[in-house]
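Data first, discussion second: the structure below is written as structure tokens.
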Amino acid sequence: MNRREFLSLTGTIVSSAALARAADAPGDAPADITLRLSEVAIELGQGHTIKTVAYNGKVPGPVLRMTEDKRVAVDVINETSNPEIVHWHGYHIPPEVDGAMEEGTPMVQGHDRRRFMFTPQPSGTRWYHAHAMAGQDLSKGLYSGQFGMAIVEPRSGAARYDLEVPIILHEWDPFFSTDKGNDVEYNVFSINGKMLGSGEPVRVKGSQRVLFRVLNASATVQHRLALPGHTFEIVALDGNAVANPGKVPLLDIAPGERIDAIVEMDAPGIWIFGEEDDRQRANGAGIVIEYAGATGPAQWVKPAPFVWDYTAFGGKGGFPEPAAAVPLVFEPRFDGNLWAINGKSFPNTDPFFVVPGARNRLVFDNRSDMSHPVHLHRHTFEITRYAGKPTSGVFKDVVVVPKRSTVEVDLMANAPGPSLFHCHQQFHMDFGFMALMQYRA
Ligand SMILES: [Cu+2]
């Protein structure tokens, strides 16, 4: 990847005119996309109907398709009585429309509506979801049904595949699993809004190349997925093409992450594409893949041990020195119920500053005994060093920082305005693990 490509992937120059136009009032022209938030009852499987808030009456919300650089008007109609907000995850769009109140995007009040206008970029597998605080209320934010996939099509050049299948993970019926109330577990799991065995199977034919666009829309759970008899060719992470597409036996995906994987359908049968964990799979975390003409029950085979490593999809590393390097230290506070960045918990965290128009390095230093999938809004970053290992060509907007280790990422600071940085684990984000990135004056 050369410098120009790096700039085009990681940088979006946002003009002040674009900012002024960003949050227009609803006009007479019809919206390109309408998202209607309402309370719904969703049948995940027999005997498992849950009440939640969802987009357009469905869980997940509709798969939205946009074209890179083609401006869209999105109407958000909130039919609930609570203020809500829709975040466009993985987009380089202005803070007024990005969908984080901490950046200045307005909430959509209960029984109100608001139009958001933006120019989708960059292309790739993106998503949209609630960005409201849930705190101790496990019915709100990403614990709810407010999530969906959004695909930004490139202006030109399409990937080669025969069939595209979204795979969207979520959990339901959450509860606090420890006396201290500092971890959340779930009774029910779903893919594409259905428990394993309850929805329609994914129907494939032998020798097809299937692009699975996998999205972990979980509030808190990292997942590992396998499809017995098949391997995954990883072509993109968080929607961004990787430097070194490689084949792996399973997918490891943290909350907020996306993986685009091509699977050659060369093992006829009926298979469970599912979570490695037996309890989660038994409670819904899977989907059936059915070859044309195959019969019998769906098969599961426990995958061999495998260690997921982002750097397997990267190059050798080696970068110019950044204009600035920003250390960000993650630590638990008190009894572990509150998280801190550089010693302070949100809303008291200090903003951190990057040099406009330049390469900036963020140095994540995780001094806790948990891994954290950290997310930066409105920017794409390139992993430059992962747990000590240099790499390049892996562009992401969420990266798992393993416990007791450091991860370094570079970003081009080309999207002025505040950008939210936080752990995508809702129970961490809501309890202090959040800070604003600002551009130096
Ligand atoms: Cu976290």
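Here's how to read the names in the structure tokens: chain A, B, ... by the order shown, residue numbers from 1 in each chain, ligand numbers from 1 in the order shown.
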Please return as a PyMOL selection string the residues found within 12 Å of ligand 1, counting only C-alpha atoms and all ligand atoms. chain A and resi 182-183+219-222+254-256+330-332+336-341+366-375+398-403+421-434
How would the residues just chosen look if you wrote them out with N, CA and C atoms as a short mmCIF file (atom, residue, chain, number, x, y, z; two decimals), in the first residue's frame?
```cif
data_model
loop_
_atom_site.label_atom_id
_atom_site.label_comp_id
_atom_site.auth_asym_id
_atom_site.auth_seq_id
_atom_site.Cartn_x
_atom_site.Cartn_y
_atom_site.Cartn_z
N ASN A 182 -20.40 -7.35 37.93
CA ASN A 182 -19.49 -6.72 36.97
C ASN A 182 -19.25 -7.57 35.72
N ASP A 183 -20.11 -8.54 35.48
CA ASP A 183 -20.04 -9.23 34.19
C ASP A 183 -21.45 -9.62 33.78
N ALA A 219 -23.37 -6.99 22.56
CA ALA A 219 -23.01 -5.91 23.48
C ALA A 219 -21.68 -6.19 24.15
N THR A 220 -21.39 -7.47 24.44
CA THR A 220 -20.24 -7.75 25.31
C THR A 220 -19.43 -9.00 24.99
N VAL A 221 -19.89 -9.86 24.06
CA VAL A 221 -19.29 -11.19 23.94
C VAL A 221 -18.41 -11.32 22.69
N GLN A 222 -17.18 -11.78 22.89
CA GLN A 222 -16.31 -12.14 21.76
C GLN A 222 -16.67 -13.57 21.34
N ALA A 254 -14.65 -9.96 17.84
CA ALA A 254 -15.01 -9.24 19.07
C ALA A 254 -16.21 -8.33 18.79
N PRO A 255 -16.87 -7.85 19.85
CA PRO A 255 -17.98 -6.91 19.65
C PRO A 255 -17.56 -5.72 18.78
N GLY A 256 -18.36 -5.44 17.77
CA GLY A 256 -18.10 -4.32 16.88
C GLY A 256 -17.33 -4.69 15.63
N PHE A 330 -4.96 1.61 29.80
CA PHE A 330 -6.27 1.10 30.25
C PHE A 330 -6.09 0.36 31.57
N GLU A 331 -6.87 0.77 32.57
CA GLU A 331 -6.78 0.11 33.88
C GLU A 331 -8.15 0.05 34.54
N PRO A 332 -8.39 -1.01 35.31
CA PRO A 332 -9.60 -1.03 36.14
C PRO A 332 -9.39 -0.15 37.36
N GLY A 336 -12.96 -2.99 40.17
CA GLY A 336 -13.03 -3.50 38.81
C GLY A 336 -14.33 -3.18 38.11
N ASN A 337 -15.18 -2.40 38.74
CA ASN A 337 -16.46 -2.02 38.12
C ASN A 337 -16.37 -0.76 37.29
N LEU A 338 -15.21 -0.13 37.35
CA LEU A 338 -15.06 1.13 36.67
C LEU A 338 -13.73 1.08 35.92
N TRP A 339 -13.73 1.63 34.69
CA TRP A 339 -12.53 1.57 33.87
C TRP A 339 -11.94 2.96 33.70
N ALA A 340 -10.63 3.00 33.49
CA ALA A 340 -9.95 4.29 33.34
C ALA A 340 -9.06 4.29 32.12
N ILE A 341 -9.00 5.45 31.47
CA ILE A 341 -8.02 5.71 30.42
C ILE A 341 -7.10 6.80 30.94
N ASN A 366 -2.66 -1.96 27.72
CA ASN A 366 -3.71 -2.60 28.53
C ASN A 366 -3.09 -3.21 29.78
N ARG A 367 -3.31 -2.56 30.92
CA ARG A 367 -2.74 -3.05 32.18
C ARG A 367 -3.78 -3.80 32.99
N SER A 368 -4.78 -4.34 32.31
CA SER A 368 -5.81 -5.11 33.02
C SER A 368 -5.72 -6.58 32.63
N ASP A 369 -6.50 -7.40 33.32
CA ASP A 369 -6.49 -8.84 33.06
C ASP A 369 -7.64 -9.27 32.14
N MET A 370 -8.17 -8.32 31.38
CA MET A 370 -9.19 -8.63 30.38
C MET A 370 -8.74 -8.05 29.06
N SER A 371 -9.16 -8.68 27.96
CA SER A 371 -8.91 -8.06 26.66
C SER A 371 -10.02 -7.03 26.41
N HIS A 372 -9.70 -6.01 25.60
CA HIS A 372 -10.67 -4.96 25.31
C HIS A 372 -10.72 -4.67 23.81
N PRO A 373 -11.91 -4.79 23.20
CA PRO A 373 -12.06 -4.41 21.79
C PRO A 373 -12.31 -2.91 21.68
N VAL A 374 -11.24 -2.14 21.45
CA VAL A 374 -11.40 -0.68 21.46
C VAL A 374 -11.75 -0.16 20.06
N HIS A 375 -12.56 0.88 20.03
CA HIS A 375 -13.11 1.42 18.78
C HIS A 375 -12.87 2.92 18.71
N VAL A 398 -11.96 -1.32 14.98
CA VAL A 398 -11.99 -1.96 16.30
C VAL A 398 -10.77 -2.87 16.35
N VAL A 399 -10.06 -2.84 17.46
CA VAL A 399 -8.96 -3.81 17.61
C VAL A 399 -8.99 -4.35 19.04
N VAL A 400 -8.82 -5.67 19.13
CA VAL A 400 -8.76 -6.28 20.46
C VAL A 400 -7.38 -6.06 21.03
N VAL A 401 -7.31 -5.41 22.18
CA VAL A 401 -6.04 -5.26 22.89
C VAL A 401 -6.00 -6.35 23.95
N PRO A 402 -5.13 -7.36 23.76
CA PRO A 402 -5.13 -8.48 24.72
C PRO A 402 -4.73 -8.02 26.12
N LYS A 403 -5.11 -8.82 27.10
CA LYS A 403 -4.78 -8.46 28.48
C LYS A 403 -3.28 -8.32 28.63
N PHE A 421 -13.57 7.67 21.33
CA PHE A 421 -12.76 6.45 21.46
C PHE A 421 -13.28 5.70 22.69
N HIS A 422 -13.55 4.42 22.51
CA HIS A 422 -14.08 3.67 23.67
C HIS A 422 -13.92 2.18 23.47
N CYS A 423 -14.05 1.46 24.57
CA CYS A 423 -14.15 0.02 24.48
C CYS A 423 -15.53 -0.31 23.92
N HIS A 424 -15.60 -1.27 22.98
CA HIS A 424 -16.91 -1.60 22.39
C HIS A 424 -17.67 -2.60 23.24
N GLN A 425 -17.08 -3.05 24.33
CA GLN A 425 -17.80 -3.87 25.29
C GLN A 425 -18.70 -2.91 26.05
N GLN A 426 -20.02 -3.04 25.87
CA GLN A 426 -20.94 -2.02 26.40
C GLN A 426 -20.78 -1.84 27.91
N PHE A 427 -20.48 -2.91 28.61
CA PHE A 427 -20.39 -2.82 30.06
C PHE A 427 -19.10 -2.13 30.50
N HIS A 428 -18.14 -2.04 29.61
CA HIS A 428 -16.92 -1.26 29.91
C HIS A 428 -17.11 0.20 29.48
N MET A 429 -17.64 0.36 28.26
CA MET A 429 -17.88 1.72 27.74
C MET A 429 -18.78 2.53 28.68
N ASP A 430 -19.81 1.89 29.19
CA ASP A 430 -20.77 2.61 30.05
C ASP A 430 -20.19 2.93 31.42
N PHE A 431 -19.09 2.25 31.76
CA PHE A 431 -18.51 2.45 33.08
C PHE A 431 -17.09 2.97 32.97
N GLY A 432 -16.96 4.06 32.21
CA GLY A 432 -15.74 4.85 32.24
C GLY A 432 -14.78 4.72 31.08
N PHE A 433 -14.88 3.64 30.28
CA PHE A 433 -13.87 3.34 29.26
C PHE A 433 -14.17 4.10 27.98
N MET A 434 -13.98 5.44 28.05
CA MET A 434 -14.32 6.27 26.90
C MET A 434 -13.57 7.60 27.03
#
```
Excluding range 302-306 of chain A and residues on its chain fewer than 3 positions from it, collect all residues at most 8 Å away from it, counting only C-alpha atoms, and give them as a list in words. Ala226, Pro228, Pro249, Leu250 and Glu276 of chain A
Would you save the residues of that selection, restricted to C-alpha atoms, as a PDB file, in the first residue's frame?
```
ATOM      1  CA  ALA A 226     -16.370 -22.535  12.711  1.00  0.00           C
ATOM      2  CA  PRO A 228     -16.944 -27.899   9.768  1.00  0.00           C
ATOM      3  CA  PRO A 249     -10.163 -22.730  10.160  1.00  0.00           C
ATOM      4  CA  LEU A 250     -12.182 -20.405  12.359  1.00  0.00           C
ATOM      5  CA  GLU A 276     -17.191 -23.072  19.217  1.00  0.00           C
TER       6      GLU A 276
END
```
Can you measure CA of Leu138 in chain A to CA of Arg404 in chain A for me? One decimal in Å is fine.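 Between these atoms lies a distance of 28.3 Å.
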Assign secondary structure with DSSP using the backbone only, and return the residues of range 155-312 of chain A in helix (DSSP H, G or I) as a PyMOL selection string. chain A and resi 278-282+310-312
Enumerate the residues of range 227-261 of chain A with a DSSP assignment of strand (DSSP E or B), computed from the backbone, and present them as a ChimeraX atom specification. /A:232-237,240-248,250-253,258-261
Could the residues in this selection be written to a file with N, CA and C atoms, as a compact mmCIF listing (two decimals), in the first residue's frame?
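Below is the file that was written, part14.txt:
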```
# COMPACT_ATOMS: atom_id res chain seq x y z
N PHE A 232 -11.97 -20.63 5.82
CA PHE A 232 -12.34 -19.25 5.53
C PHE A 232 -11.15 -18.52 4.91
N GLU A 233 -11.36 -17.92 3.76
CA GLU A 233 -10.33 -17.04 3.21
C GLU A 233 -10.68 -15.62 3.65
N ILE A 234 -9.83 -15.05 4.50
CA ILE A 234 -10.12 -13.73 5.06
C ILE A 234 -9.73 -12.68 4.02
N VAL A 235 -10.72 -11.95 3.52
CA VAL A 235 -10.43 -10.93 2.50
C VAL A 235 -10.50 -9.51 3.06
N ALA A 236 -11.26 -9.31 4.12
CA ALA A 236 -11.34 -7.97 4.71
C ALA A 236 -11.61 -8.08 6.20
N LEU A 237 -11.05 -7.14 6.95
CA LEU A 237 -11.34 -7.02 8.38
C LEU A 237 -11.94 -5.63 8.62
N ASN A 240 -12.34 -3.59 5.48
CA ASN A 240 -11.19 -3.06 4.73
C ASN A 240 -10.33 -4.22 4.24
N ALA A 241 -10.06 -4.24 2.93
CA ALA A 241 -9.27 -5.33 2.34
C ALA A 241 -7.96 -5.50 3.09
N VAL A 242 -7.56 -6.74 3.36
CA VAL A 242 -6.31 -6.98 4.08
C VAL A 242 -5.16 -7.15 3.08
N ALA A 243 -3.94 -6.86 3.55
CA ALA A 243 -2.76 -6.93 2.69
C ALA A 243 -2.50 -8.36 2.22
N ASN A 244 -2.83 -9.31 3.07
CA ASN A 244 -2.40 -10.69 2.84
C ASN A 244 -3.56 -11.64 3.16
N PRO A 245 -4.50 -11.78 2.20
CA PRO A 245 -5.63 -12.68 2.47
C PRO A 245 -5.11 -14.08 2.78
N GLY A 246 -5.60 -14.67 3.85
CA GLY A 246 -5.10 -15.98 4.25
C GLY A 246 -6.25 -16.88 4.66
N LYS A 247 -5.98 -18.20 4.63
CA LYS A 247 -7.03 -19.16 4.99
C LYS A 247 -6.88 -19.60 6.44
N VAL A 248 -8.02 -19.62 7.13
CA VAL A 248 -8.03 -20.00 8.54
C VAL A 248 -9.20 -20.95 8.80
N LEU A 250 -11.07 -21.01 11.62
CA LEU A 250 -12.18 -20.40 12.36
C LEU A 250 -12.03 -18.89 12.43
N LEU A 251 -13.14 -18.25 12.82
CA LEU A 251 -13.19 -16.79 12.91
C LEU A 251 -13.27 -16.41 14.37
N ASP A 252 -12.45 -15.48 14.78
CA ASP A 252 -12.51 -14.94 16.14
C ASP A 252 -12.91 -13.48 15.99
N ILE A 253 -14.04 -13.11 16.58
CA ILE A 253 -14.60 -11.79 16.28
C ILE A 253 -15.16 -11.15 17.54
N ARG A 258 -16.07 -6.71 12.14
CA ARG A 258 -16.62 -7.44 10.99
C ARG A 258 -15.48 -8.23 10.35
N ILE A 259 -15.86 -9.39 9.80
CA ILE A 259 -14.91 -10.18 9.01
C ILE A 259 -15.60 -10.55 7.71
N ASP A 260 -14.95 -10.23 6.57
CA ASP A 260 -15.42 -10.71 5.27
C ASP A 260 -14.60 -11.94 4.92
N ALA A 261 -15.27 -13.08 4.77
CA ALA A 261 -14.57 -14.34 4.51
C ALA A 261 -15.22 -15.05 3.34
```
Residues near Arg361 in chain A, cut-off 7 Å, only C-alpha atoms, skip fewer than 6 positions along chain, as a PDB file with N, CA and C atoms, in the first residue's frame:
```pdb
ATOM      1  N   PRO A 322       5.651   8.741  13.214  1.00  0.00           N
ATOM      2  CA  PRO A 322       4.453   9.574  13.243  1.00  0.00           C
ATOM      3  C   PRO A 322       4.770  10.977  13.764  1.00  0.00           C
ATOM      4  N   ALA A 324       3.031  12.412  15.982  1.00  0.00           N
ATOM      5  CA  ALA A 324       2.817  12.338  17.424  1.00  0.00           C
ATOM      6  C   ALA A 324       2.476  10.908  17.793  1.00  0.00           C
ATOM      7  N   ALA A 325       2.865  10.526  19.012  1.00  0.00           N
ATOM      8  CA  ALA A 325       2.474   9.222  19.552  1.00  0.00           C
ATOM      9  C   ALA A 325       1.716   9.471  20.845  1.00  0.00           C
ATOM     10  N   VAL A 326       0.526   8.921  20.942  1.00  0.00           N
ATOM     11  CA  VAL A 326      -0.347   9.190  22.084  1.00  0.00           C
ATOM     12  C   VAL A 326      -0.475   7.924  22.923  1.00  0.00           C
ATOM     13  N   GLU A 408      -0.178  -0.987  18.879  1.00  0.00           N
ATOM     14  CA  GLU A 408       0.015   0.346  18.307  1.00  0.00           C
ATOM     15  C   GLU A 408      -0.700   0.437  16.971  1.00  0.00           C
ATOM     16  N   VAL A 409      -1.371   1.565  16.759  1.00  0.00           N
ATOM     17  CA  VAL A 409      -2.064   1.787  15.485  1.00  0.00           C
ATOM     18  C   VAL A 409      -1.752   3.194  14.986  1.00  0.00           C
ATOM     19  N   ASP A 410      -1.727   3.363  13.667  1.00  0.00           N
ATOM     20  CA  ASP A 410      -1.504   4.679  13.067  1.00  0.00           C
ATOM     21  C   ASP A 410      -2.769   5.136  12.369  1.00  0.00           C
ATOM     22  N   LEU A 411      -3.028   6.419  12.456  1.00  0.00           N
ATOM     23  CA  LEU A 411      -4.152   6.974  11.713  1.00  0.00           C
ATOM     24  C   LEU A 411      -3.729   8.282  11.073  1.00  0.00           C
TER      25      LEU A 411
END
```
Can you tell me which residues surround Trp271 in chain A at a distance of at most 7 Å, considering only C-alpha atoms, apart from same-chain residues fewer than 5 positions away, and format the answer as a PyMOL selection string? chain A and resi 227-228+288-290+298-300
Calculated over only C-alpha atoms, which of the candidates A:His131, A:Arg224, A:Lys316, A:His48 has the smallest distance to Arg281 in chain A?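 The shortest atom-to-atom distance to Arg281 in chain A comes from A:Arg224.
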Separation of CA of Ser38 in chain A and CA of Asp98 in chain A, in Å?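 That distance, rounded to one decimal, is 21.2 Å.
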I'd like the neighbourhood of Arg160 in chain A as JSON, numbers by chain, where a residue qualifies if any of its atoms comes within 10 Å (using only C-alpha atoms), though same-chain residues fewer than 2 positions away should be ignored. {"A": [157, 158, 162, 163, 209, 210, 211, 262]}
Save the residues we just selected, N, CA and C atoms, as a PDB file, in the first residue's frame?
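New file part28.pdb:
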```
ATOM      1  N   GLY A 157     -15.404  -1.710  -9.416  1.00  0.00           N
ATOM      2  CA  GLY A 157     -14.636  -2.888  -9.023  1.00  0.00           C
ATOM      3  C   GLY A 157     -15.345  -3.682  -7.963  1.00  0.00           C
ATOM      4  N   ALA A 158     -15.867  -4.843  -8.319  1.00  0.00           N
ATOM      5  CA  ALA A 158     -16.575  -5.666  -7.340  1.00  0.00           C
ATOM      6  C   ALA A 158     -15.769  -6.927  -7.077  1.00  0.00           C
ATOM      7  N   ASP A 162     -20.144 -15.768  -5.663  1.00  0.00           N
ATOM      8  CA  ASP A 162     -21.415 -16.185  -6.262  1.00  0.00           C
ATOM      9  C   ASP A 162     -22.605 -15.829  -5.381  1.00  0.00           C
ATOM     10  N   LEU A 163     -22.350 -15.734  -4.081  1.00  0.00           N
ATOM     11  CA  LEU A 163     -23.450 -15.527  -3.146  1.00  0.00           C
ATOM     12  C   LEU A 163     -22.904 -14.733  -1.968  1.00  0.00           C
ATOM     13  N   ARG A 209     -18.650 -19.924  -4.597  1.00  0.00           N
ATOM     14  CA  ARG A 209     -17.825 -19.100  -3.697  1.00  0.00           C
ATOM     15  C   ARG A 209     -18.766 -18.184  -2.937  1.00  0.00           C
ATOM     16  N   VAL A 210     -18.831 -18.384  -1.630  1.00  0.00           N
ATOM     17  CA  VAL A 210     -19.773 -17.610  -0.811  1.00  0.00           C
ATOM     18  C   VAL A 210     -19.003 -16.584   0.010  1.00  0.00           C
ATOM     19  N   LEU A 211     -19.440 -15.335  -0.086  1.00  0.00           N
ATOM     20  CA  LEU A 211     -18.863 -14.285   0.761  1.00  0.00           C
ATOM     21  C   LEU A 211     -19.723 -14.160   2.017  1.00  0.00           C
ATOM     22  N   ILE A 262     -14.381 -15.491   2.405  1.00  0.00           N
ATOM     23  CA  ILE A 262     -14.887 -16.270   1.269  1.00  0.00           C
ATOM     24  C   ILE A 262     -14.708 -17.749   1.571  1.00  0.00           C
TER      25      ILE A 262
END
```
Contact residues around Gly124 in chain A with only C-alpha atoms at 7 Å, ignoring same-chain residues under 5 positions, as a list in words: Ile151, Val152, Glu153, Gly239 and Asn240 of chain A
Go ahead and compute the interatomic distance for CA of Ile191 in chain A and CA of Leu169 in chain A, in Å to one decimal.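 Atom-to-atom, CA of Ile191 in chain A and CA of Leu169 in chain A are spaced 4.7 Å apart.
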Of the listed residues A:Pro166, A:Pro356, A:Gly99, A:Pro416, that which approaches Gly61 in chain A most closely, counting only C-alpha atoms: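 Smallest separation from Gly61 in chain A among the options: A:Pro166.
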Determine, counting only C-alpha atoms, which protein, DNA and RNA residues have an atom within 10 Å of an atom of Gln146 in chain A; residues of the same chain fewer than 5 positions away are not included. Present the result as a VMD selection string. chain A and resid 37 to 38 52 to 56 58 to 61 84 to 86 128 to 131 140 to 141 217
Quick one: write out the picked residues with N, CA and C atoms as a PDB file, in the first residue's frame?
```
ATOM      1  N   LEU A  37     -37.777   3.313  14.745  1.00  0.00           N
ATOM      2  CA  LEU A  37     -37.473   2.586  15.988  1.00  0.00           C
ATOM      3  C   LEU A  37     -38.764   2.338  16.737  1.00  0.00           C
ATOM      4  N   SER A  38     -39.016   1.082  17.060  1.00  0.00           N
ATOM      5  CA  SER A  38     -40.228   0.790  17.819  1.00  0.00           C
ATOM      6  C   SER A  38     -40.021  -0.439  18.690  1.00  0.00           C
ATOM      7  N   THR A  52     -38.160  -6.128  22.591  1.00  0.00           N
ATOM      8  CA  THR A  52     -36.999  -5.256  22.498  1.00  0.00           C
ATOM      9  C   THR A  52     -37.341  -4.071  21.609  1.00  0.00           C
ATOM     10  N   VAL A  53     -36.375  -3.188  21.429  1.00  0.00           N
ATOM     11  CA  VAL A  53     -36.538  -2.082  20.479  1.00  0.00           C
ATOM     12  C   VAL A  53     -35.718  -2.426  19.243  1.00  0.00           C
ATOM     13  N   ALA A  54     -36.326  -2.255  18.067  1.00  0.00           N
ATOM     14  CA  ALA A  54     -35.648  -2.659  16.837  1.00  0.00           C
ATOM     15  C   ALA A  54     -35.904  -1.643  15.733  1.00  0.00           C
ATOM     16  N   TYR A  55     -35.170  -1.804  14.638  1.00  0.00           N
ATOM     17  CA  TYR A  55     -35.317  -0.940  13.465  1.00  0.00           C
ATOM     18  C   TYR A  55     -36.286  -1.587  12.473  1.00  0.00           C
ATOM     19  N   ASN A  56     -37.293  -0.846  12.077  1.00  0.00           N
ATOM     20  CA  ASN A  56     -38.257  -1.283  11.058  1.00  0.00           C
ATOM     21  C   ASN A  56     -38.888  -2.632  11.395  1.00  0.00           C
ATOM     22  N   LYS A  58     -37.754  -5.269  12.705  1.00  0.00           N
ATOM     23  CA  LYS A  58     -36.993  -6.490  12.439  1.00  0.00           C
ATOM     24  C   LYS A  58     -35.717  -6.542  13.256  1.00  0.00           C
ATOM     25  N   VAL A  59     -35.294  -7.755  13.571  1.00  0.00           N
ATOM     26  CA  VAL A  59     -33.983  -7.985  14.190  1.00  0.00           C
ATOM     27  C   VAL A  59     -33.245  -9.026  13.373  1.00  0.00           C
ATOM     28  N   PRO A  60     -32.068  -8.707  12.843  1.00  0.00           N
ATOM     29  CA  PRO A  60     -31.446  -7.374  12.807  1.00  0.00           C
ATOM     30  C   PRO A  60     -32.269  -6.413  11.945  1.00  0.00           C
ATOM     31  N   GLY A  61     -31.905  -5.137  11.959  1.00  0.00           N
ATOM     32  CA  GLY A  61     -32.514  -4.179  11.054  1.00  0.00           C
ATOM     33  C   GLY A  61     -32.166  -4.535   9.610  1.00  0.00           C
ATOM     34  N   GLU A  84     -33.033   8.219  21.590  1.00  0.00           N
ATOM     35  CA  GLU A  84     -32.163   7.194  20.988  1.00  0.00           C
ATOM     36  C   GLU A  84     -31.228   7.871  20.004  1.00  0.00           C
ATOM     37  N   ILE A  85     -30.224   7.113  19.544  1.00  0.00           N
ATOM     38  CA  ILE A  85     -29.268   7.659  18.593  1.00  0.00           C
ATOM     39  C   ILE A  85     -28.723   6.503  17.762  1.00  0.00           C
ATOM     40  N   VAL A  86     -28.501   6.757  16.468  1.00  0.00           N
ATOM     41  CA  VAL A  86     -28.002   5.722  15.557  1.00  0.00           C
ATOM     42  C   VAL A  86     -26.565   6.073  15.174  1.00  0.00           C
ATOM     43  N   TYR A 128     -24.671  -0.196  11.588  1.00  0.00           N
ATOM     44  CA  TYR A 128     -25.321   0.902  12.315  1.00  0.00           C
ATOM     45  C   TYR A 128     -25.934   0.316  13.572  1.00  0.00           C
ATOM     46  N   HIS A 129     -25.895   1.108  14.637  1.00  0.00           N
ATOM     47  CA  HIS A 129     -26.385   0.554  15.904  1.00  0.00           C
ATOM     48  C   HIS A 129     -26.666   1.650  16.915  1.00  0.00           C
ATOM     49  N   ALA A 130     -27.379   1.272  17.975  1.00  0.00           N
ATOM     50  CA  ALA A 130     -27.665   2.181  19.075  1.00  0.00           C
ATOM     51  C   ALA A 130     -26.359   2.638  19.708  1.00  0.00           C
ATOM     52  N   HIS A 131     -26.303   3.923  20.093  1.00  0.00           N
ATOM     53  CA  HIS A 131     -25.128   4.400  20.824  1.00  0.00           C
ATOM     54  C   HIS A 131     -25.538   5.068  22.122  1.00  0.00           C
ATOM     55  N   LYS A 140     -31.229  -1.779  27.196  1.00  0.00           N
ATOM     56  CA  LYS A 140     -30.938  -0.618  26.345  1.00  0.00           C
ATOM     57  C   LYS A 140     -29.642  -0.792  25.543  1.00  0.00           C
ATOM     58  N   GLY A 141     -29.351   0.235  24.726  1.00  0.00           N
ATOM     59  CA  GLY A 141     -28.091   0.242  23.962  1.00  0.00           C
ATOM     60  C   GLY A 141     -27.973  -1.012  23.121  1.00  0.00           C
ATOM     61  N   ALA A 217     -22.528  -8.185  16.520  1.00  0.00           N
ATOM     62  CA  ALA A 217     -23.347  -7.095  17.073  1.00  0.00           C
ATOM     63  C   ALA A 217     -23.683  -7.359  18.535  1.00  0.00           C
TER      64      ALA A 217
END
```
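The closest residue to Pro351 in chain A, picked from A:Phe334, A:Gly269, A:Glu103, A:Ser405 and counting only C-alpha atoms, is A:Glu103.
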Which one is closest to Leu362 in chain A: A:Phe212, A:Phe147, A:Tyr291, A:Phe381? Count only C-alpha atoms. A:Phe381
